[in-house]
Amino acid sequence: GVSLNLLLLQPDRGAKRPRGDDGGAAGGDDTSRGGKQQKGVGAREAARYREMGGGTEGGVDMKETEELTGDKKMILEKLMDQDEEEPEAEPVDESSVKKMILTFEKRSYKNQELRIKFPDNPEKFMESELDLNDIIQEMHVIATMPDLYHLLVELNAVHSLLGLLSHENTDILSTVVDLLQELTDIDTLHESEEGAEVLIDALLEGQVVALLVQNMERLDEQVKEEADGIYNTLAIVENMAEFRPGLCTEAAQQGLMQWLLKRIKAKMPFDANKLYCSEILAILLQNNDTTRELLGEMDGIDVLLQQLSVFKRHNPNTAEEQEMMENLFDALCSCLMLASNRDRFLKGEGLQLMNLMLSTFMLPHVHNRPAVYVLLLTWFLLLGFSFQNCSKGNFTFYSSSEHVCSVIASMLRNLKSQQRTRLLNKFTENDCEKVKFTLSELYAFFLGEMVRRGEILDDGMEDEFYLRRLDAGLFVLQLLCYIMVEISSSGVSQLQQRVHQILNIRGGSVKVVRHIMREYAESIGDGKSDEFKEAERKRIMDLADNF
């Protein structure tokens, strides 16, 4: 089919409902998470106008374009000021909306008819396409009256709009997406719950998500208008998901999950669309085991780990990249609520990546980030999921336990103030269940292993023998003891009492814990400065003496 660029000279849309985040300026470039791209006369129309050579019939060459700069500037200024210069719009009522919808239906049918009759002769259907574009633009006024949304359904306009999503001209597609985004604006939907329900039902019945995904597949993000179309498409999904969270499952199954994963891992420069994709992905996975399983089956765990691994050696460069990283952590933590995804996470060496990111790089800078992803990450790590399905004594059990304990110990060592308090709260919740079960069971097992081997109280520090003991489980036991003395010295009396109570029940003793900690303190140092080693040894010894 032939695709035309349309000169989008905006018709009057009536009194547009004010939006709190718009800032009042047309054409604002708000691409932050949750911010919707501005509608009406703005940057998109200006850019499109420039690309079309000023809108003269048939276009003009570059030299002519340069000569017409003054005229184009004047026209663009007129476009930008149109809302202010136009007189107040006529009142919009049910009768005028019906008339508008009927006009839209007629123009849509006429354009379709002419395209079928003259597929290779754009001049024959160009005028009908411009007329169709104009009436779709006029229909934005309906977004100011959500109580009349039922007319869009009753007069078949929703069905026709969805049909236009597969229009050969991507400009028409983008115009329809703009309209659907504004119709589904979450503030508008809440103005008339009844009208919103009717509209959303009709969109879902028409497989709107599947159609939107198909059309995102054919848009070229190298073209600004088409990249904007993808952004606005994602906004439609977000609007509907916020109004009706239950549709996330259906949306994911209609190809959205697959498209999001493909777009996130695409080798493209970071931009607002990739950020928005990460947010939509996190939304789809919230409290939804079906979408979590779907992501796992699509190798989504590996995609998330690959994208997060980019940040294992450096901070995000911008606030937007940081926000995307947090979205990816949110998505990952949601997925790990599912046992099958935990297995995929372990096989993909996810624990190793988390340990590297948290202990060697990110923790010194964690105060710069919202605590949400740290807390979520801590939550699933503390559950001990990594060894739920591992038989005790095998390599996977030892290595997984070591990684989990290393991450928790690193967080206790490095988190400060509010983040540290929230981490400690994770130990106290549900009557200290994580101390009672995860810590105590692991401590009892690894202590038993070392006693069985007759190695726990051996003071010999010969390197080869000491390394063999570490591999046999001593290092995990040292980390567990470190975690216990850290949380006991936190000032939270409940934790201190519970740790000592667990020790007594398990037949442990303060003396054994102190011995293990002293040996741990003496072994600190490879690759560290003498000042660091001495300070850390003193800190650990003080913790042990106060235990």
# chains A, B, ... in the order shown; residues from 1 in each chain; ligands from 1
call {"tool": "residues_around", "arguments": {"residues": "Ile280 of chain A", "least_positions_apart": "4", "cutoff": "8 Å", "atoms": "only C-alpha atoms", "output": "short mmCIF file (atom, residue, chain, number, x, y, z; two decimals) with C-alpha atoms, in the first residue's frame"}}
result
data_model
loop_
_atom_site.label_atom_id
_atom_site.label_comp_id
_atom_site.auth_asym_id
_atom_site.auth_seq_id
_atom_site.Cartn_x
_atom_site.Cartn_y
_atom_site.Cartn_z
CA LEU A 234 2.27 1.94 25.67
CA VAL A 237 -1.89 -0.09 27.80
CA GLU A 238 -0.88 1.62 31.04
CA TYR A 276 8.40 2.91 29.32
CA LEU A 284 2.11 -6.75 33.96
#
call {"tool": "closest_residue", "arguments": {"among": "A:Leu183, A:Leu295, A:Val176, A:Val153", "to": "Ile135 of chain A", "atoms": "only C-alpha atoms"}}
result
A:Val176
call {"tool": "residues_around", "arguments": {"residues": "segment 532-540 of chain A", "least_positions_apart": "4", "cutoff": "9 Å", "atoms": "only C-alpha atoms", "output": "list in words"}}
result
Tyr482, Val485, Glu486, Met517, Arg518, Tyr520, Ala521, Glu522, Ser523, Ile524, Gly525, Asp526, Lys528, Ala544 and Asp545 of chain A
call {"tool": "write_last_selection", "arguments": {"atoms": "N, CA and C atoms", "output": "PDB file, in the first residue's frame"}}
result
ATOM      1  N   TYR A 482      28.264 -13.849  61.280  1.00  0.00           N
ATOM      2  CA  TYR A 482      28.371 -12.409  61.109  1.00  0.00           C
ATOM      3  C   TYR A 482      26.987 -11.768  61.061  1.00  0.00           C
ATOM      4  N   VAL A 485      25.566 -11.670  64.636  1.00  0.00           N
ATOM      5  CA  VAL A 485      26.126 -10.665  65.550  1.00  0.00           C
ATOM      6  C   VAL A 485      25.754  -9.256  65.092  1.00  0.00           C
ATOM      7  N   GLU A 486      25.620  -9.058  63.765  1.00  0.00           N
ATOM      8  CA  GLU A 486      25.212  -7.752  63.251  1.00  0.00           C
ATOM      9  C   GLU A 486      23.795  -7.406  63.701  1.00  0.00           C
ATOM     10  N   MET A 517      33.847 -15.932  64.720  1.00  0.00           N
ATOM     11  CA  MET A 517      34.000 -14.551  64.283  1.00  0.00           C
ATOM     12  C   MET A 517      35.445 -14.070  64.396  1.00  0.00           C
ATOM     13  N   ARG A 518      36.148 -14.524  65.438  1.00  0.00           N
ATOM     14  CA  ARG A 518      37.556 -14.129  65.573  1.00  0.00           C
ATOM     15  C   ARG A 518      38.378 -14.715  64.430  1.00  0.00           C
ATOM     16  N   TYR A 520      37.240 -15.493  61.510  1.00  0.00           N
ATOM     17  CA  TYR A 520      36.812 -14.756  60.325  1.00  0.00           C
ATOM     18  C   TYR A 520      37.532 -13.417  60.231  1.00  0.00           C
ATOM     19  N   ALA A 521      37.628 -12.731  61.364  1.00  0.00           N
ATOM     20  CA  ALA A 521      38.296 -11.429  61.395  1.00  0.00           C
ATOM     21  C   ALA A 521      39.766 -11.556  61.018  1.00  0.00           C
ATOM     22  N   GLU A 522      40.421 -12.600  61.492  1.00  0.00           N
ATOM     23  CA  GLU A 522      41.846 -12.788  61.209  1.00  0.00           C
ATOM     24  C   GLU A 522      42.095 -13.102  59.736  1.00  0.00           C
ATOM     25  N   SER A 523      41.077 -13.650  59.069  1.00  0.00           N
ATOM     26  CA  SER A 523      41.271 -14.072  57.671  1.00  0.00           C
ATOM     27  C   SER A 523      40.978 -12.970  56.677  1.00  0.00           C
ATOM     28  N   ILE A 524      40.442 -11.843  57.140  1.00  0.00           N
ATOM     29  CA  ILE A 524      40.074 -10.743  56.230  1.00  0.00           C
ATOM     30  C   ILE A 524      41.323 -10.118  55.633  1.00  0.00           C
ATOM     31  N   GLY A 525      41.237  -9.780  54.326  1.00  0.00           N
ATOM     32  CA  GLY A 525      42.342  -8.984  53.863  1.00  0.00           C
ATOM     33  C   GLY A 525      42.779  -9.097  52.451  1.00  0.00           C
ATOM     34  N   ASP A 526      42.558 -10.205  51.773  1.00  0.00           N
ATOM     35  CA  ASP A 526      43.096 -10.337  50.425  1.00  0.00           C
ATOM     36  C   ASP A 526      42.657  -9.181  49.539  1.00  0.00           C
ATOM     37  N   LYS A 528      42.926  -6.048  50.078  1.00  0.00           N
ATOM     38  CA  LYS A 528      42.511  -4.846  50.796  1.00  0.00           C
ATOM     39  C   LYS A 528      43.731  -4.134  51.380  1.00  0.00           C
ATOM     40  N   ALA A 544      31.755  -9.191  67.929  1.00  0.00           N
ATOM     41  CA  ALA A 544      31.818 -10.498  68.590  1.00  0.00           C
ATOM     42  C   ALA A 544      31.865 -10.346  70.112  1.00  0.00           C
ATOM     43  N   ASP A 545      32.651  -9.392  70.600  1.00  0.00           N
ATOM     44  CA  ASP A 545      32.775  -9.206  72.056  1.00  0.00           C
ATOM     45  C   ASP A 545      31.463  -8.728  72.669  1.00  0.00           C
TER      46      ASP A 545
END
call {"tool": "residues_around", "arguments": {"residues": "Arg420 of chain A", "least_positions_apart": "6", "cutoff": "9 Å", "atoms": "only C-alpha atoms", "output": "short mmCIF file (atom, residue, chain, number, x, y, z; two decimals) with C-alpha atoms, in the first residue's frame"}}
result
data_model
loop_
_atom_site.label_atom_id
_atom_site.label_comp_id
_atom_site.auth_asym_id
_atom_site.auth_seq_id
_atom_site.Cartn_x
_atom_site.Cartn_y
_atom_site.Cartn_z
CA MET A 411 23.83 -5.27 52.90
CA LEU A 412 24.18 -5.32 56.67
CA ASN A 414 26.98 -1.22 53.90
#
call {"tool": "closest_residue", "arguments": {"among": "A:Met240, A:Leu477, A:Leu495, A:Met337", "to": "Lys426 of chain A", "atoms": "only C-alpha atoms"}}
result
A:Leu495
call {"tool": "atom_distance", "arguments": {"atom1": "atom CA of Asp171 of chain A", "atom2": "atom CA of Pro146 of chain A"}}
result
25.4 Å
call {"tool": "atom_distance", "arguments": {"atom1": "atom CA of Cys333 of chain A", "atom2": "atom CA of Lys265 of chain A"}}
result
18.4 Å
call {"tool": "atom_distance", "arguments": {"atom1": "atom CA of Glu193 of chain A", "atom2": "atom CA of Glu250 of chain A"}}
result
21.2 Å
call {"tool": "closest_residue", "arguments": {"among": "A:Val512, A:Ala202, A:Leu336, A:Ile236", "to": "Asn287 of chain A", "atoms": "only C-alpha atoms"}}
result
A:Leu336
call {"tool": "residues_around", "arguments": {"residues": "Met298 of chain A", "least_positions_apart": "6", "cutoff": "9 Å", "atoms": "only C-alpha atoms", "output": "list in words"}}
result
Met257, Gln258 and Leu261 of chain A
call {"tool": "write_last_selection", "arguments": {"atoms": "all heavy atoms", "output": "PDB file, in the first residue's frame"}}
result
ATOM      1  N   MET A 257       3.717  -9.233  26.089  1.00  0.00           N
ATOM      2  CA  MET A 257       4.881  -9.672  26.851  1.00  0.00           C
ATOM      3  C   MET A 257       6.058  -9.949  25.925  1.00  0.00           C
ATOM      4  O   MET A 257       7.186  -9.510  26.168  1.00  0.00           O
ATOM      5  CB  MET A 257       4.537 -10.923  27.664  1.00  0.00           C
ATOM      6  CG  MET A 257       5.705 -11.494  28.453  1.00  0.00           C
ATOM      7  SD  MET A 257       6.095 -10.498  29.900  1.00  0.00           S
ATOM      8  CE  MET A 257       4.738 -10.970  30.986  1.00  0.00           C
ATOM      9  N   GLN A 258       5.791 -10.678  24.864  1.00  0.00           N
ATOM     10  CA  GLN A 258       6.858 -11.020  23.916  1.00  0.00           C
ATOM     11  C   GLN A 258       7.447  -9.763  23.282  1.00  0.00           C
ATOM     12  O   GLN A 258       8.671  -9.638  23.137  1.00  0.00           O
ATOM     13  CB  GLN A 258       6.304 -11.958  22.842  1.00  0.00           C
ATOM     14  CG  GLN A 258       7.361 -12.491  21.882  1.00  0.00           C
ATOM     15  CD  GLN A 258       6.785 -13.541  20.951  1.00  0.00           C
ATOM     16  OE1 GLN A 258       5.573 -13.657  20.806  1.00  0.00           O
ATOM     17  NE2 GLN A 258       7.642 -14.309  20.311  1.00  0.00           N
ATOM     18  N   LEU A 261       9.706  -7.803  25.855  1.00  0.00           N
ATOM     19  CA  LEU A 261      11.014  -8.436  26.062  1.00  0.00           C
ATOM     20  C   LEU A 261      11.920  -8.209  24.851  1.00  0.00           C
ATOM     21  O   LEU A 261      13.110  -7.929  24.993  1.00  0.00           O
ATOM     22  CB  LEU A 261      10.839  -9.933  26.323  1.00  0.00           C
ATOM     23  CG  LEU A 261      10.189 -10.306  27.660  1.00  0.00           C
ATOM     24  CD1 LEU A 261       9.914 -11.807  27.722  1.00  0.00           C
ATOM     25  CD2 LEU A 261      11.074  -9.885  28.829  1.00  0.00           C
TER      26      LEU A 261
END
call {"tool": "closest_atom_pairs", "arguments": {"of": "segment 253-340 of chain A", "to": "segment 213-217 of chain A", "cutoff": "12 Å", "atoms": "only C-alpha atoms", "output": "CSV"}}
result
residue,atom,partner,partner_atom,distance
A:Gln253,CA,A:Val213,CA,11.1
A:Gln254,CA,A:Val213,CA,8.0
A:Gly255,CA,A:Val213,CA,6.5
A:Leu256,CA,A:Val213,CA,6.1
A:Met257,CA,A:Val213,CA,9.6
A:Gln258,CA,A:Val213,CA,9.5
A:Trp259,CA,A:Val213,CA,7.1
A:Leu260,CA,A:Val213,CA,9.4
A:Lys262,CA,A:Glu217,CA,10.4
A:Arg263,CA,A:Glu217,CA,9.9
A:Asn273,CA,A:Met216,CA,11.6
call {"tool": "write_last_selection", "arguments": {"atoms": "N, CA and C atoms", "output": "mmCIF file, in the first residue's frame"}}
result
data_model
loop_
_atom_site.group_PDB
_atom_site.id
_atom_site.type_symbol
_atom_site.label_atom_id
_atom_site.label_comp_id
_atom_site.auth_asym_id
_atom_site.auth_seq_id
_atom_site.Cartn_x
_atom_site.Cartn_y
_atom_site.Cartn_z
ATOM 1 N N GLN A 253 -0.807 -12.170 27.142
ATOM 2 C CA GLN A 253 -0.998 -13.332 26.278
ATOM 3 C C GLN A 253 -1.271 -12.950 24.834
ATOM 4 N N GLN A 254 -1.666 -11.709 24.593
ATOM 5 C CA GLN A 254 -1.947 -11.256 23.225
ATOM 6 C C GLN A 254 -0.709 -10.703 22.530
ATOM 7 N N GLY A 255 0.455 -11.057 23.016
ATOM 8 C CA GLY A 255 1.700 -10.691 22.341
ATOM 9 C C GLY A 255 2.459 -9.546 22.979
ATOM 10 N N LEU A 256 1.858 -8.891 23.975
ATOM 11 C CA LEU A 256 2.528 -7.732 24.571
ATOM 12 C C LEU A 256 3.781 -8.138 25.330
ATOM 13 N N MET A 257 3.717 -9.233 26.089
ATOM 14 C CA MET A 257 4.881 -9.672 26.851
ATOM 15 C C MET A 257 6.058 -9.949 25.925
ATOM 16 N N GLN A 258 5.791 -10.678 24.864
ATOM 17 C CA GLN A 258 6.858 -11.020 23.916
ATOM 18 C C GLN A 258 7.447 -9.763 23.282
ATOM 19 N N TRP A 259 6.580 -8.819 22.906
ATOM 20 C CA TRP A 259 7.074 -7.592 22.277
ATOM 21 C C TRP A 259 7.920 -6.784 23.263
ATOM 22 N N LEU A 260 7.477 -6.679 24.511
ATOM 23 C CA LEU A 260 8.222 -5.909 25.505
ATOM 24 C C LEU A 260 9.616 -6.488 25.722
ATOM 25 N N LYS A 262 11.338 -8.318 23.669
ATOM 26 C CA LYS A 262 12.108 -8.098 22.442
ATOM 27 C C LYS A 262 12.627 -6.665 22.381
ATOM 28 N N ARG A 263 11.771 -5.705 22.743
ATOM 29 C CA ARG A 263 12.153 -4.291 22.679
ATOM 30 C C ARG A 263 13.192 -3.953 23.748
ATOM 31 N N ASN A 273 11.247 5.200 25.158
ATOM 32 C CA ASN A 273 10.457 4.002 24.870
ATOM 33 C C ASN A 273 10.960 2.788 25.636
#
call {"tool": "closest_residue", "arguments": {"among": "A:Gln207, A:Ser128, A:Ser410, A:Ser192", "to": "Lys110 of chain A", "atoms": "only C-alpha atoms"}}
result
A:Ser128
call {"tool": "residues_around", "arguments": {"residues": "Glu321 of chain A", "least_positions_apart": "2", "cutoff": "12 Å", "atoms": "only C-alpha atoms", "output": "list in words"}}
result
Ser32, Arg33, Pro269, Phe270, Asp271, Ala272, Asn273, Lys274, Leu275, Tyr276, Ser278, Glu279, Gln307, Leu308, Val310, Phe311, His314, Asn315, Pro316, Asn317, Thr318, Ala319, Glu323, Met324, Met325, Glu326, Asn327, Leu328 and Arg369 of chain A
call {"tool": "closest_residue", "arguments": {"among": "A:Ser166, A:Thr188, A:Ser489, A:Asn156", "to": "Phe547 of chain A", "atoms": "only C-alpha atoms"}}
result
A:Ser489
